[in-house]
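Structure file protein.pdb (PDB, C-alpha atoms) is printed below.
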ATOM      1  CA  MET A   1      19.541  -3.215 -11.173
ATOM      2  CA  SER A   2      16.657  -3.872  -8.900
ATOM      3  CA  VAL A   3      15.809  -2.201  -5.629
ATOM      4  CA  PRO A   4      16.117  -4.546  -2.625
ATOM      5  CA  ILE A   5      12.877  -5.267  -0.826
ATOM      6  CA  SER A   6      14.269  -3.901   2.413
ATOM      7  CA  TRP A   7      14.275  -0.392   0.925
ATOM      8  CA  TYR A   8      10.562  -0.622   0.327
ATOM      9  CA  LEU A   9      10.009  -1.945   3.833
ATOM     10  CA  MET A  10      12.144   0.804   5.323
ATOM     11  CA  LEU A  11      10.204   3.415   3.376
ATOM     12  CA  ALA A  12       6.944   1.888   4.576
ATOM     13  CA  ALA A  13       8.211   1.887   8.162
ATOM     14  CA  LEU A  14       9.193   5.536   7.809
ATOM     15  CA  LEU A  15       5.802   6.528   6.400
ATOM     16  CA  PHE A  16       4.064   4.551   9.131
ATOM     17  CA  ALA A  17       6.159   6.264  11.804
ATOM     18  CA  ILE A  18       5.391   9.694  10.353
ATOM     19  CA  GLY A  19       1.714   8.835  10.317
ATOM     20  CA  THR A  20       1.866   7.632  13.917
ATOM     21  CA  VAL A  21       3.523  10.823  15.071
ATOM     22  CA  GLY A  22       0.834  12.812  13.279
ATOM     23  CA  ALA A  23      -2.003  10.782  14.764
ATOM     24  CA  LEU A  24      -0.567  11.147  18.260
ATOM     25  CA  THR A  25       0.299  14.837  18.197
ATOM     26  CA  ARG A  26      -2.336  16.572  16.070
ATOM     27  CA  ARG A  27      -5.394  17.989  17.788
ATOM     28  CA  ASN A  28      -7.645  18.429  14.782
ATOM     29  CA  GLY A  29      -9.842  15.414  14.076
ATOM     30  CA  ILE A  30      -9.398  15.735  10.304
ATOM     31  CA  SER A  31      -5.609  15.855  10.646
ATOM     32  CA  ILE A  32      -5.675  12.709  12.764
ATOM     33  CA  PHE A  33      -7.688  11.052  10.027
ATOM     34  CA  LEU A  34      -5.172  12.107   7.396
ATOM     35  CA  SER A  35      -2.394  10.591   9.494
ATOM     36  CA  ILE A  36      -4.331   7.348   9.786
ATOM     37  CA  GLU A  37      -4.716   7.241   6.002
ATOM     38  CA  LEU A  38      -0.950   7.647   5.795
ATOM     39  CA  MET A  39      -0.433   4.688   8.119
ATOM     40  CA  LEU A  40      -2.856   2.565   6.095
ATOM     41  CA  ASN A  41      -0.915   3.389   2.962
ATOM     42  CA  ALA A  42       2.380   2.432   4.541
ATOM     43  CA  ALA A  43       0.918  -0.942   5.498
ATOM     44  CA  ASN A  44      -0.381  -1.366   1.949
ATOM     45  CA  LEU A  45       3.095  -0.681   0.580
ATOM     46  CA  THR A  46       4.508  -3.402   2.804
ATOM     47  CA  LEU A  47       1.901  -5.864   1.597
ATOM     48  CA  VAL A  48       2.562  -5.123  -2.060
ATOM     49  CA  ALA A  49       6.322  -5.427  -1.528
ATOM     50  CA  PHE A  50       5.917  -8.845   0.090
ATOM     51  CA  SER A  51       3.490  -9.867  -2.630
ATOM     52  CA  ARG A  52       6.197  -9.073  -5.184
ATOM     53  CA  GLN A  53       8.840 -10.888  -3.171
ATOM     54  CA  LEU A  54       6.782 -14.040  -2.747
ATOM     55  CA  GLY A  55       5.351 -13.941  -6.262
ATOM     56  CA  ASP A  56       1.865 -14.311  -4.829
ATOM     57  CA  HIS A  57      -1.311 -12.357  -5.543
ATOM     58  CA  THR A  58      -2.666 -12.621  -2.020
ATOM     59  CA  GLY A  59      -0.864  -9.540  -0.743
ATOM     60  CA  GLN A  60      -2.303  -7.458  -3.533
ATOM     61  CA  LEU A  61      -5.759  -8.768  -2.757
ATOM     62  CA  VAL A  62      -5.384  -7.814   0.888
ATOM     63  CA  VAL A  63      -4.439  -4.318  -0.263
ATOM     64  CA  PHE A  64      -7.560  -4.282  -2.443
ATOM     65  CA  PHE A  65      -9.721  -5.119   0.568
ATOM     66  CA  ALA A  66      -7.831  -2.686   2.759
ATOM     67  CA  MET A  67      -8.567   0.099   0.291
ATOM     68  CA  ALA A  68     -12.280  -0.715   0.319
ATOM     69  CA  VAL A  69     -12.310  -0.771   4.110
ATOM     70  CA  ALA A  70     -10.362   2.491   4.200
ATOM     71  CA  ALA A  71     -12.935   4.106   1.931
ATOM     72  CA  ALA A  72     -15.758   2.932   4.193
ATOM     73  CA  GLU A  73     -13.856   4.062   7.255
ATOM     74  CA  ALA A  74     -13.219   7.508   5.788
ATOM     75  CA  ALA A  75     -16.876   7.950   4.838
ATOM     76  CA  VAL A  76     -18.196   6.918   8.249
ATOM     77  CA  GLY A  77     -15.496   8.770  10.163
ATOM     78  CA  LEU A  78     -16.040  12.025   8.327
ATOM     79  CA  ALA A  79     -19.798  11.692   8.776
ATOM     80  CA  LEU A  80     -19.191  11.261  12.497
ATOM     81  CA  PHE A  81     -17.040  14.377  12.481
ATOM     82  CA  ILE A  82     -19.889  16.291  10.840
ATOM     83  CA  ALA A  83     -22.291  15.013  13.496
ATOM     84  CA  VAL A  84     -19.864  15.903  16.285
ATOM     85  CA  PHE A  85     -19.320  19.328  14.789
ATOM     86  CA  ARG A  86     -23.068  19.938  14.658
ATOM     87  CA  ALA A  87     -23.397  19.034  18.306
ATOM     88  CA  ARG A  88     -20.213  20.437  19.832
ATOM     89  CA  HIS A  89     -19.112  23.102  17.327
ATOM     90  CA  THR A  90     -15.563  21.784  17.324
ATOM     91  CA  ILE A  91     -13.612  18.717  16.291
ATOM     92  CA  ASP A  92     -10.640  19.548  18.447
ATOM     93  CA  VAL A  93     -10.049  16.208  20.130
ATOM     94  CA  ASN A  94      -8.928  17.854  23.352
ATOM     95  CA  ARG A  95     -12.386  19.326  23.760
ATOM     96  CA  LEU A  96     -14.271  16.151  22.894
ATOM     97  CA  ASN A  97     -14.043  14.685  26.353
ATOM     98  CA  LEU A  98     -17.664  13.743  26.956
ATOM     99  CA  MET A  99     -16.839  10.067  27.488
ATOM    100  CA  ARG A 100     -13.775  10.636  29.565
ATOM    101  CA  TRP A 101     -13.941   9.443  33.130
TER     102      TRP A 101
ATOM    103  CA  MET B   1      16.741   3.318 -13.668
ATOM    104  CA  GLU B   2      14.405   1.491 -11.322
ATOM    105  CA  THR B   3      16.533   2.615  -8.384
ATOM    106  CA  LEU B   4      16.359   6.205  -9.563
ATOM    107  CA  ILE B   5      12.560   6.144  -9.878
ATOM    108  CA  PHE B   6      12.297   4.484  -6.484
ATOM    109  CA  LEU B   7      14.526   7.089  -4.855
ATOM    110  CA  ILE B   8      12.707  10.033  -6.442
ATOM    111  CA  PHE B   9       9.275   8.869  -5.374
ATOM    112  CA  ALA B  10      10.416   7.603  -1.978
ATOM    113  CA  VAL B  11      11.831  11.023  -1.148
ATOM    114  CA  LEU B  12       8.694  12.650  -2.543
ATOM    115  CA  ALA B  13       6.485  10.378  -0.413
ATOM    116  CA  VAL B  14       8.414  11.048   2.773
ATOM    117  CA  ALA B  15       8.603  14.805   2.185
ATOM    118  CA  SER B  16       4.911  15.158   1.353
ATOM    119  CA  SER B  17       3.899  12.951   4.266
ATOM    120  CA  LEU B  18       5.897  15.217   6.557
ATOM    121  CA  VAL B  19       3.894  18.131   5.165
ATOM    122  CA  VAL B  20       0.667  16.169   5.832
ATOM    123  CA  VAL B  21       1.641  15.748   9.451
ATOM    124  CA  ALA B  22       3.159  19.160  10.059
ATOM    125  CA  HIS B  23       1.076  21.657   8.092
ATOM    126  CA  LYS B  24      -1.330  23.734  10.111
ATOM    127  CA  SER B  25      -3.943  24.116   7.403
ATOM    128  CA  PRO B  26      -6.013  20.965   6.832
ATOM    129  CA  VAL B  27      -6.498  21.845   3.155
ATOM    130  CA  TYR B  28      -2.778  21.976   2.451
ATOM    131  CA  ALA B  29      -2.281  18.783   4.453
ATOM    132  CA  THR B  30      -4.936  17.042   2.352
ATOM    133  CA  MET B  31      -3.445  18.229  -0.933
ATOM    134  CA  SER B  32      -0.071  17.022   0.276
ATOM    135  CA  LEU B  33      -1.653  13.671   1.065
ATOM    136  CA  VAL B  34      -2.590  13.464  -2.624
ATOM    137  CA  LEU B  35       1.096  13.746  -3.472
ATOM    138  CA  THR B  36       1.977  11.013  -0.975
ATOM    139  CA  LEU B  37      -0.716   8.726  -2.339
ATOM    140  CA  PHE B  38       0.457   9.382  -5.875
ATOM    141  CA  SER B  39       4.059   8.530  -4.977
ATOM    142  CA  VAL B  40       2.934   5.331  -3.298
ATOM    143  CA  ALA B  41       0.888   4.525  -6.410
ATOM    144  CA  VAL B  42       4.056   4.875  -8.503
ATOM    145  CA  LEU B  43       5.820   2.501  -6.106
ATOM    146  CA  PHE B  44       2.928   0.049  -6.479
ATOM    147  CA  VAL B  45       3.437   0.116 -10.240
ATOM    148  CA  LEU B  46       7.162  -0.333  -9.729
ATOM    149  CA  LEU B  47       6.435  -3.387  -7.591
ATOM    150  CA  GLY B  48       4.406  -4.965 -10.337
ATOM    151  CA  ALA B  49       0.922  -4.043  -9.167
ATOM    152  CA  PRO B  50      -0.353  -1.620 -11.834
ATOM    153  CA  PHE B  51      -3.976  -2.359 -10.996
ATOM    154  CA  LEU B  52      -3.461  -1.334  -7.384
ATOM    155  CA  GLY B  53      -1.610   1.767  -8.542
ATOM    156  CA  ALA B  54      -4.579   2.793 -10.667
ATOM    157  CA  LEU B  55      -6.946   1.915  -7.843
ATOM    158  CA  GLN B  56      -4.889   3.971  -5.431
ATOM    159  CA  ILE B  57      -5.210   7.054  -7.608
ATOM    160  CA  LEU B  58      -8.891   6.475  -8.381
ATOM    161  CA  VAL B  59     -10.122   5.528  -4.934
ATOM    162  CA  TYR B  60      -7.745   7.386  -2.637
ATOM    163  CA  ALA B  61      -6.701  10.486  -4.543
ATOM    164  CA  GLY B  62      -9.965  10.634  -6.453
ATOM    165  CA  ALA B  63     -12.640   9.787  -3.934
ATOM    166  CA  ILE B  64     -11.383   9.788  -0.358
ATOM    167  CA  VAL B  65      -9.399  12.994  -0.642
ATOM    168  CA  VAL B  66     -12.343  14.760  -2.271
ATOM    169  CA  LEU B  67     -14.456  13.574   0.658
ATOM    170  CA  PHE B  68     -11.890  15.039   3.044
ATOM    171  CA  LEU B  69     -11.867  18.336   1.187
ATOM    172  CA  PHE B  70     -15.662  18.503   1.210
ATOM    173  CA  VAL B  71     -15.776  17.940   4.953
ATOM    174  CA  ILE B  72     -13.054  20.517   5.575
ATOM    175  CA  MET B  73     -14.998  22.974   3.446
ATOM    176  CA  LEU B  74     -18.271  22.118   5.184
ATOM    177  CA  LEU B  75     -16.822  22.508   8.649
ATOM    178  CA  ASN B  76     -14.988  25.690   7.674
ATOM    179  CA  LEU B  77     -11.741  24.566   9.258
ATOM    180  CA  GLN B  78      -9.094  27.147   8.836
ATOM    181  CA  LYS B  79      -5.892  27.086  10.790
ATOM    182  CA  SER B  80      -8.112  26.286  13.720
ATOM    183  CA  GLU B  81      -5.631  24.253  15.618
ATOM    184  CA  GLU B  82      -3.807  25.676  18.535
ATOM    185  CA  ARG B  83      -0.766  23.467  18.764
ATOM    186  CA  ARG B  84       0.339  22.529  22.216
ATOM    187  CA  LEU B  85       3.622  20.874  21.498
ATOM    188  CA  GLY B  86       5.857  19.600  24.184
ATOM    189  CA  PRO B  87       6.238  16.237  25.872
ATOM    190  CA  GLN B  88       3.648  14.611  23.602
ATOM    191  CA  LEU B  89       5.536  15.428  20.423
ATOM    192  CA  GLY B  90       8.837  14.411  21.990
ATOM    193  CA  VAL B  91       7.526  11.039  23.109
ATOM    194  CA  ALA B  92       5.871  10.397  19.756
ATOM    195  CA  MET B  93       9.056  11.276  17.870
ATOM    196  CA  LEU B  94      11.074   9.055  20.191
ATOM    197  CA  GLY B  95       8.708   6.153  19.628
ATOM    198  CA  ALA B  96       8.811   6.667  15.868
ATOM    199  CA  LEU B  97      12.599   6.815  15.862
ATOM    200  CA  ILE B  98      12.848   3.641  17.915
ATOM    201  CA  PHE B  99      10.425   1.900  15.557
ATOM    202  CA  VAL B 100      12.289   2.945  12.393
ATOM    203  CA  GLY B 101      15.599   2.142  14.052
ATOM    204  CA  MET B 102      14.410  -1.328  15.004
ATOM    205  CA  VAL B 103      13.165  -2.064  11.497
ATOM    206  CA  GLY B 104      16.399  -0.711  10.042
ATOM    207  CA  LEU B 105      18.456  -2.830  12.427
ATOM    208  CA  VAL B 106      16.597  -5.975  11.407
ATOM    209  CA  PHE B 107      17.257  -5.336   7.727
ATOM    210  CA  TRP B 108      20.834  -4.314   8.338
ATOM    211  CA  ARG B 109      21.539  -7.504  10.233
ATOM    212  CA  SER B 110      19.727  -9.716   7.778
ATOM    213  CA  GLY B 111      21.295  -8.149   4.697
ATOM    214  CA  ALA B 112      19.277  -6.810   1.790
ATOM    215  CA  PRO B 113      17.748  -9.629  -0.247
ATOM    216  CA  ALA B 114      17.259  -8.553  -3.833
ATOM    217  CA  LEU B 115      13.698  -8.311  -5.065
ATOM    218  CA  GLN B 116      12.404 -11.305  -7.013
ATOM    219  CA  ARG B 117      12.147 -10.838 -10.745
ATOM    220  CA  LEU B 118       8.764  -9.776 -12.018
ATOM    221  CA  THR B 119       6.794 -12.606 -13.512
ATOM    222  CA  PRO B 120       4.034 -12.077 -16.079
ATOM    223  CA  GLU B 121       1.645 -14.003 -13.822
ATOM    224  CA  LEU B 122       2.146 -11.547 -10.979
ATOM    225  CA  VAL B 123       1.588  -8.462 -13.103
ATOM    226  CA  SER B 124      -1.318  -9.816 -15.114
ATOM    227  CA  LEU B 125      -4.755  -8.624 -14.134
ATOM    228  CA  LYS B 126      -6.111 -12.026 -15.036
ATOM    229  CA  GLY B 127      -4.318 -13.750 -12.188
ATOM    230  CA  LEU B 128      -5.491 -11.131  -9.723
ATOM    231  CA  ALA B 129      -9.072 -11.319 -10.927
ATOM    232  CA  THR B 130      -9.058 -15.121 -10.816
ATOM    233  CA  ALA B 131      -7.802 -15.104  -7.264
ATOM    234  CA  LEU B 132     -10.301 -12.396  -6.283
ATOM    235  CA  PHE B 133     -13.385 -13.991  -7.763
ATOM    236  CA  ALA B 134     -12.497 -17.622  -7.062
ATOM    237  CA  ASP B 135     -10.585 -17.922  -3.805
ATOM    238  CA  TYR B 136     -11.722 -14.705  -2.183
ATOM    239  CA  LEU B 137     -15.279 -14.390  -3.411
ATOM    240  CA  LEU B 138     -16.841 -14.395   0.049
ATOM    241  CA  PRO B 139     -14.586 -11.617   1.412
ATOM    242  CA  PHE B 140     -15.340  -9.674  -1.768
ATOM    243  CA  GLU B 141     -19.071  -9.938  -1.140
ATOM    244  CA  ILE B 142     -18.596  -9.024   2.509
ATOM    245  CA  VAL B 143     -16.658  -5.929   1.500
ATOM    246  CA  GLY B 144     -19.527  -4.967  -0.790
ATOM    247  CA  LEU B 145     -21.911  -5.325   2.144
ATOM    248  CA  LEU B 146     -19.534  -3.305   4.322
ATOM    249  CA  LEU B 147     -19.540  -0.467   1.796
ATOM    250  CA  LEU B 148     -23.343  -0.500   1.686
ATOM    251  CA  VAL B 149     -23.532  -0.367   5.475
ATOM    252  CA  ALA B 150     -20.945   2.419   5.508
ATOM    253  CA  VAL B 151     -22.929   4.479   3.006
ATOM    254  CA  VAL B 152     -26.139   4.097   5.008
ATOM    255  CA  GLY B 153     -24.349   4.723   8.299
ATOM    256  CA  ALA B 154     -22.572   7.807   7.013
ATOM    257  CA  THR B 155     -25.810   9.231   5.647
ATOM    258  CA  VAL B 156     -27.598   8.683   8.945
ATOM    259  CA  ALA B 157     -24.718  10.022  11.033
ATOM    260  CA  ALA B 158     -24.268  13.178   8.997
ATOM    261  CA  ARG B 159     -27.969  13.984   8.620
ATOM    262  CA  LYS B 160     -29.421  17.156   9.988
ATOM    263  CA  ALA B 161     -30.786  16.998  13.492
ATOM    264  CA  PRO B 162     -34.570  16.618  13.278
ATOM    265  CA  GLU B 163     -36.742  19.619  14.040
ATOM    266  CA  PRO B 164     -37.866  19.717  17.678
ATOM    267  CA  GLY B 165     -41.474  18.697  16.965
ATOM    268  CA  ALA B 166     -40.757  16.353  14.087
ATOM    269  CA  GLU B 167     -41.674  12.698  14.288
ATOM    270  CA  SER B 168     -38.536  10.581  14.038
ATOM    271  CA  GLY B 169     -37.656   7.094  15.113
ATOM    272  CA  LEU B 170     -34.053   8.097  15.645
ATOM    273  CA  LEU B 171     -32.502   9.209  18.870
ATOM    274  CA  PRO B 172     -32.696  12.933  19.471
ATOM    275  CA  ARG B 173     -29.338  14.618  19.391
ATOM    276  CA  GLU B 174     -29.853  15.955  22.913
ATOM    277  CA  ASP B 175     -29.078  12.525  24.311
ATOM    278  CA  TYR B 176     -25.397  12.857  23.708
ATOM    279  CA  VAL B 177     -24.811  16.573  23.917
ATOM    280  CA  SER B 178     -23.596  18.043  27.150
ATOM    281  CA  GLY B 179     -25.554  21.034  28.293
ATOM    282  CA  ASP B 180     -22.751  23.551  28.174
ATOM    283  CA  GLU B 181     -22.520  23.746  24.381
ATOM    284  CA  PRO B 182     -24.264  26.376  22.281
ATOM    285  CA  ARG B 183     -27.542  25.039  20.986
ATOM    286  CA  THR B 184     -27.508  26.275  17.407
ATOM    287  CA  ASP B 185     -26.665  23.999  14.517
ATOM    288  CA  PRO B 186     -23.458  25.395  13.013
ATOM    289  CA  LEU B 187     -24.094  23.874   9.612
ATOM    290  CA  ARG B 188     -27.365  25.731   9.239
ATOM    291  CA  SER B 189     -26.854  29.333   8.338
ATOM    292  CA  LEU B 190     -28.868  30.817  11.136
ATOM    293  CA  PRO B 191     -28.435  34.519  11.713
ATOM    294  CA  ASP B 192     -26.538  35.362  14.835
ATOM    295  CA  PRO B 193     -29.046  36.626  17.422
ATOM    296  CA  ARG B 194     -26.489  39.051  18.741
ATOM    297  CA  ARG B 195     -25.840  40.486  15.277
ATOM    298  CA  PRO B 196     -29.086  40.023  13.337
ATOM    299  CA  ASP B 197     -27.787  42.085  10.412
ATOM    300  CA  VAL B 198     -25.065  39.539   9.626
ATOM    301  CA  ALA B 199     -26.323  36.304   8.093
ATOM    302  CA  GLU B 200     -23.533  34.037   9.246
ATOM    303  CA  PRO B 201     -23.597  31.132  11.649
ATOM    304  CA  ALA B 202     -23.544  31.985  15.297
ATOM    305  CA  TYR B 203     -20.996  29.485  16.389
ATOM    306  CA  LYS B 204     -17.460  30.728  15.514
ATOM    307  CA  PRO B 205     -15.416  29.397  18.397
ATOM    308  CA  ALA B 206     -12.852  31.675  19.906
ATOM    309  CA  ALA B 207      -9.997  30.131  17.930
ATOM    310  CA  PHE B 208     -11.722  30.941  14.639
ATOM    311  CA  LYS B 209     -12.323  34.533  15.694
ATOM    312  CA  GLU B 210      -8.687  34.886  16.619
ATOM    313  CA  ALA B 211      -7.616  33.511  13.246
ATOM    314  CA  ALA B 212      -9.987  35.787  11.366
ATOM    315  CA  LYS B 213      -8.530  38.912  12.915
TER     316      LYS B 213
END

Before we go any further, please render this structure as structure tokens.
Amino acid sequence: MSVPISWYLMLAALLFAIGTVGALTRRNGISIFLSIELMLNAANLTLVAFSRQLGDHTGQLVVFFAMAVAAAEAAVGLALFIAVFRARHTIDVNRLNLMRW
Amino acid sequence: METLIFLIFAVLAVASSLVVVAHKSPVYATMSLVLTLFSVAVLFVLLGAPFLGALQILVYAGAIVVLFLFVIMLLNLQKSEERRLGPQLGVAMLGALIFVGMVGLVFWRSGAPALQRLTPELVSLKGLATALFADYLLPFEIVGLLLLVAVVGATVAARKAPEPGAESGLLPREDYVSGDEPRTDPLRSLPDPRRPDVAEPAYKPAAFKEAAK
């Protein structure tokens, strides 16, 4: 017996919500990044589930591109964290308020 | 059987993602993220996307997580985070609950349509590759360019600050550093001027000192 698609979508929604809570409540820049990766993965799961449901490759291709973009984003983001850490000696987002009004 | 595998890895994914979000130590959170990514990779395979499952493990668990671990190691992040919980966490949890509840309500009202049967065309790598290199060739090339730009950008962003007298066409770091920060580069192992006998970086914010005690 097959799993209904709504289970996959519910799981993806749950993972996305967990990731959102993490991104909103953590103070450490790296932890926020990890939460964002979690959210990206939840979205990918949704896309693959719909790709299966519609019998179409396009969803899988979007996931392929999303993975490449996520890799680029992680590389650039972590490099920025290194640069910020060199300059400010912290990546606690509460203390990175240089551009706040 | 399929339901059992789905349930096992769904529970595993949710549990490990909770650890990612809740664990104080970034290293443990990252290792837990590996478990989440692996579970999602299994679900990809279950959904008839074995290529994406392999890619997930190779690219995410293999490359991105290693990058995270390297940065955590480089920045020497221990349990550096002082957690100020309170209204923020409550509001975030409330929002998440409302979101999951809304999605659940939609599916509950619309019933649970069974998943379509797997077709050989959907699983085959040939179909995916044909679509990728025929219909989506331009996005593929653009993604390649994006990765190149990201590599160059990351290298430039993470480079060492140039020496004060050195000739460089790049902006000096001083342009975007506020004056109240300590001026040493924490990633260079300069001896602490206050304790010249100890060859460790001089930065050590207060939170790190507290944790080390």

request  = Name the residues that the ChimeraX specification (/B :<7) & /A picks from the file above, as a ChimeraX atom specification, using the file's chain letters and numbers.
outcome  = /A:1-6,10-11,13-15,17-19,21-22,24-25,27-28,31,35,48-49,52-53,55-57,61,68,71-72,74-76,78-80,82-83,86-89

What separates atom CA of B:Ser32 and atom CA of A:Leu38 is a distance of 10.9 Å

- Query: So which residues fall inside 9 Å of (2.4, -4.7, 2.9) if we count all atoms listed in the file? Mind giving them as a count of residues only?
  - Reply: 17

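If you look at atom CA of B:Ile8 and atom CA of B:Ser39, they are 8.9 Å away from each other.
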
Nearest to B:Val42, restricted to all atoms listed in the file and choosing among B:Val19, B:Phe9, B:Met73, B:Leu58, comes out as B:Phe9

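The closest residue to A:Ile30, picked from A:Tyr8, A:Val69, A:Val93, A:Leu54 and counting all atoms listed in the file, is A:Val93.
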
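Nearest-residue note for B:Gly53: choosing from A:Met67, A:Trp7, A:Phe33, A:Met39, the minimum distance belongs to A:Met67, counting all atoms listed in the file.
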
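Interatomic distance, atom CA of A:Ile32 against atom CA of B:Ser16: 15.8 Å.
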
Enclosing box along x, y and z for every listed atom of stretch 59-74 of chain A, padded 4 Å each side, centre and size in Å, one decimal, as lines of an AutoDock Vina configuration file:
center_x = -8.3
center_y = -1.0
center_z = 1.9
size_x = 22.9
size_y = 25.0
size_z = 18.8

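The nearest approach to A:Ile36 among the residues A:Ala66, A:Gly77, A:Asp92, A:Thr20, with all atoms listed in the file taken into account, belongs to A:Thr20.
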
Can you spit out stretch 58-80 of chain A with N, CA and C atoms, as a short mmCIF file (atom, residue, chain, number, x, y, z; two decimals), in the first residue's frame, from the structure just given?
data_model
loop_
_atom_site.label_atom_id
_atom_site.label_comp_id
_atom_site.auth_asym_id
_atom_site.auth_seq_id
_atom_site.Cartn_x
_atom_site.Cartn_y
_atom_site.Cartn_z
N THR A 58 9.83 17.80 -14.11
CA THR A 58 10.21 19.20 -13.88
C THR A 58 10.48 19.49 -12.41
N GLY A 59 9.65 18.90 -11.53
CA GLY A 59 9.87 19.12 -10.11
C GLY A 59 11.24 18.66 -9.66
N GLN A 60 11.65 17.50 -10.16
CA GLN A 60 12.97 17.00 -9.81
C GLN A 60 14.06 17.92 -10.31
N LEU A 61 13.84 18.49 -11.51
CA LEU A 61 14.85 19.40 -12.05
C LEU A 61 14.95 20.65 -11.20
N VAL A 62 13.80 21.14 -10.75
CA VAL A 62 13.83 22.33 -9.88
C VAL A 62 14.61 22.03 -8.62
N VAL A 63 14.42 20.81 -8.08
CA VAL A 63 15.18 20.43 -6.89
C VAL A 63 16.67 20.39 -7.20
N PHE A 64 17.02 19.89 -8.38
CA PHE A 64 18.42 19.87 -8.81
C PHE A 64 19.01 21.28 -8.79
N PHE A 65 18.28 22.23 -9.38
CA PHE A 65 18.76 23.61 -9.40
C PHE A 65 18.79 24.20 -8.00
N ALA A 66 17.77 23.85 -7.21
CA ALA A 66 17.74 24.39 -5.85
C ALA A 66 18.94 23.90 -5.04
N MET A 67 19.34 22.66 -5.27
CA MET A 67 20.52 22.15 -4.56
C MET A 67 21.77 22.92 -4.96
N ALA A 68 21.91 23.18 -6.27
CA ALA A 68 23.09 23.93 -6.72
C ALA A 68 23.10 25.33 -6.11
N VAL A 69 21.93 25.96 -6.10
CA VAL A 69 21.85 27.31 -5.54
C VAL A 69 22.12 27.27 -4.04
N ALA A 70 21.63 26.20 -3.38
CA ALA A 70 21.88 26.09 -1.94
C ALA A 70 23.36 25.93 -1.65
N ALA A 71 24.05 25.17 -2.51
CA ALA A 71 25.49 25.00 -2.32
C ALA A 71 26.20 26.34 -2.46
N ALA A 72 25.82 27.10 -3.51
CA ALA A 72 26.44 28.41 -3.71
C ALA A 72 26.14 29.33 -2.53
N GLU A 73 24.89 29.28 -2.08
CA GLU A 73 24.47 30.13 -0.98
C GLU A 73 25.25 29.79 0.30
N ALA A 74 25.42 28.49 0.55
CA ALA A 74 26.15 28.09 1.75
C ALA A 74 27.59 28.56 1.67
N ALA A 75 28.22 28.40 0.48
CA ALA A 75 29.62 28.80 0.36
C ALA A 75 29.77 30.30 0.61
N VAL A 76 28.93 31.10 -0.07
CA VAL A 76 29.06 32.55 0.07
C VAL A 76 28.69 32.99 1.49
N GLY A 77 27.61 32.41 2.02
CA GLY A 77 27.18 32.81 3.36
C GLY A 77 28.23 32.51 4.40
N LEU A 78 28.83 31.32 4.34
CA LEU A 78 29.84 30.98 5.33
C LEU A 78 31.08 31.84 5.18
N ALA A 79 31.42 32.17 3.91
CA ALA A 79 32.55 33.09 3.70
C ALA A 79 32.25 34.45 4.32
N LEU A 80 31.00 34.89 4.19
CA LEU A 80 30.63 36.18 4.79
C LEU A 80 30.73 36.09 6.31
#
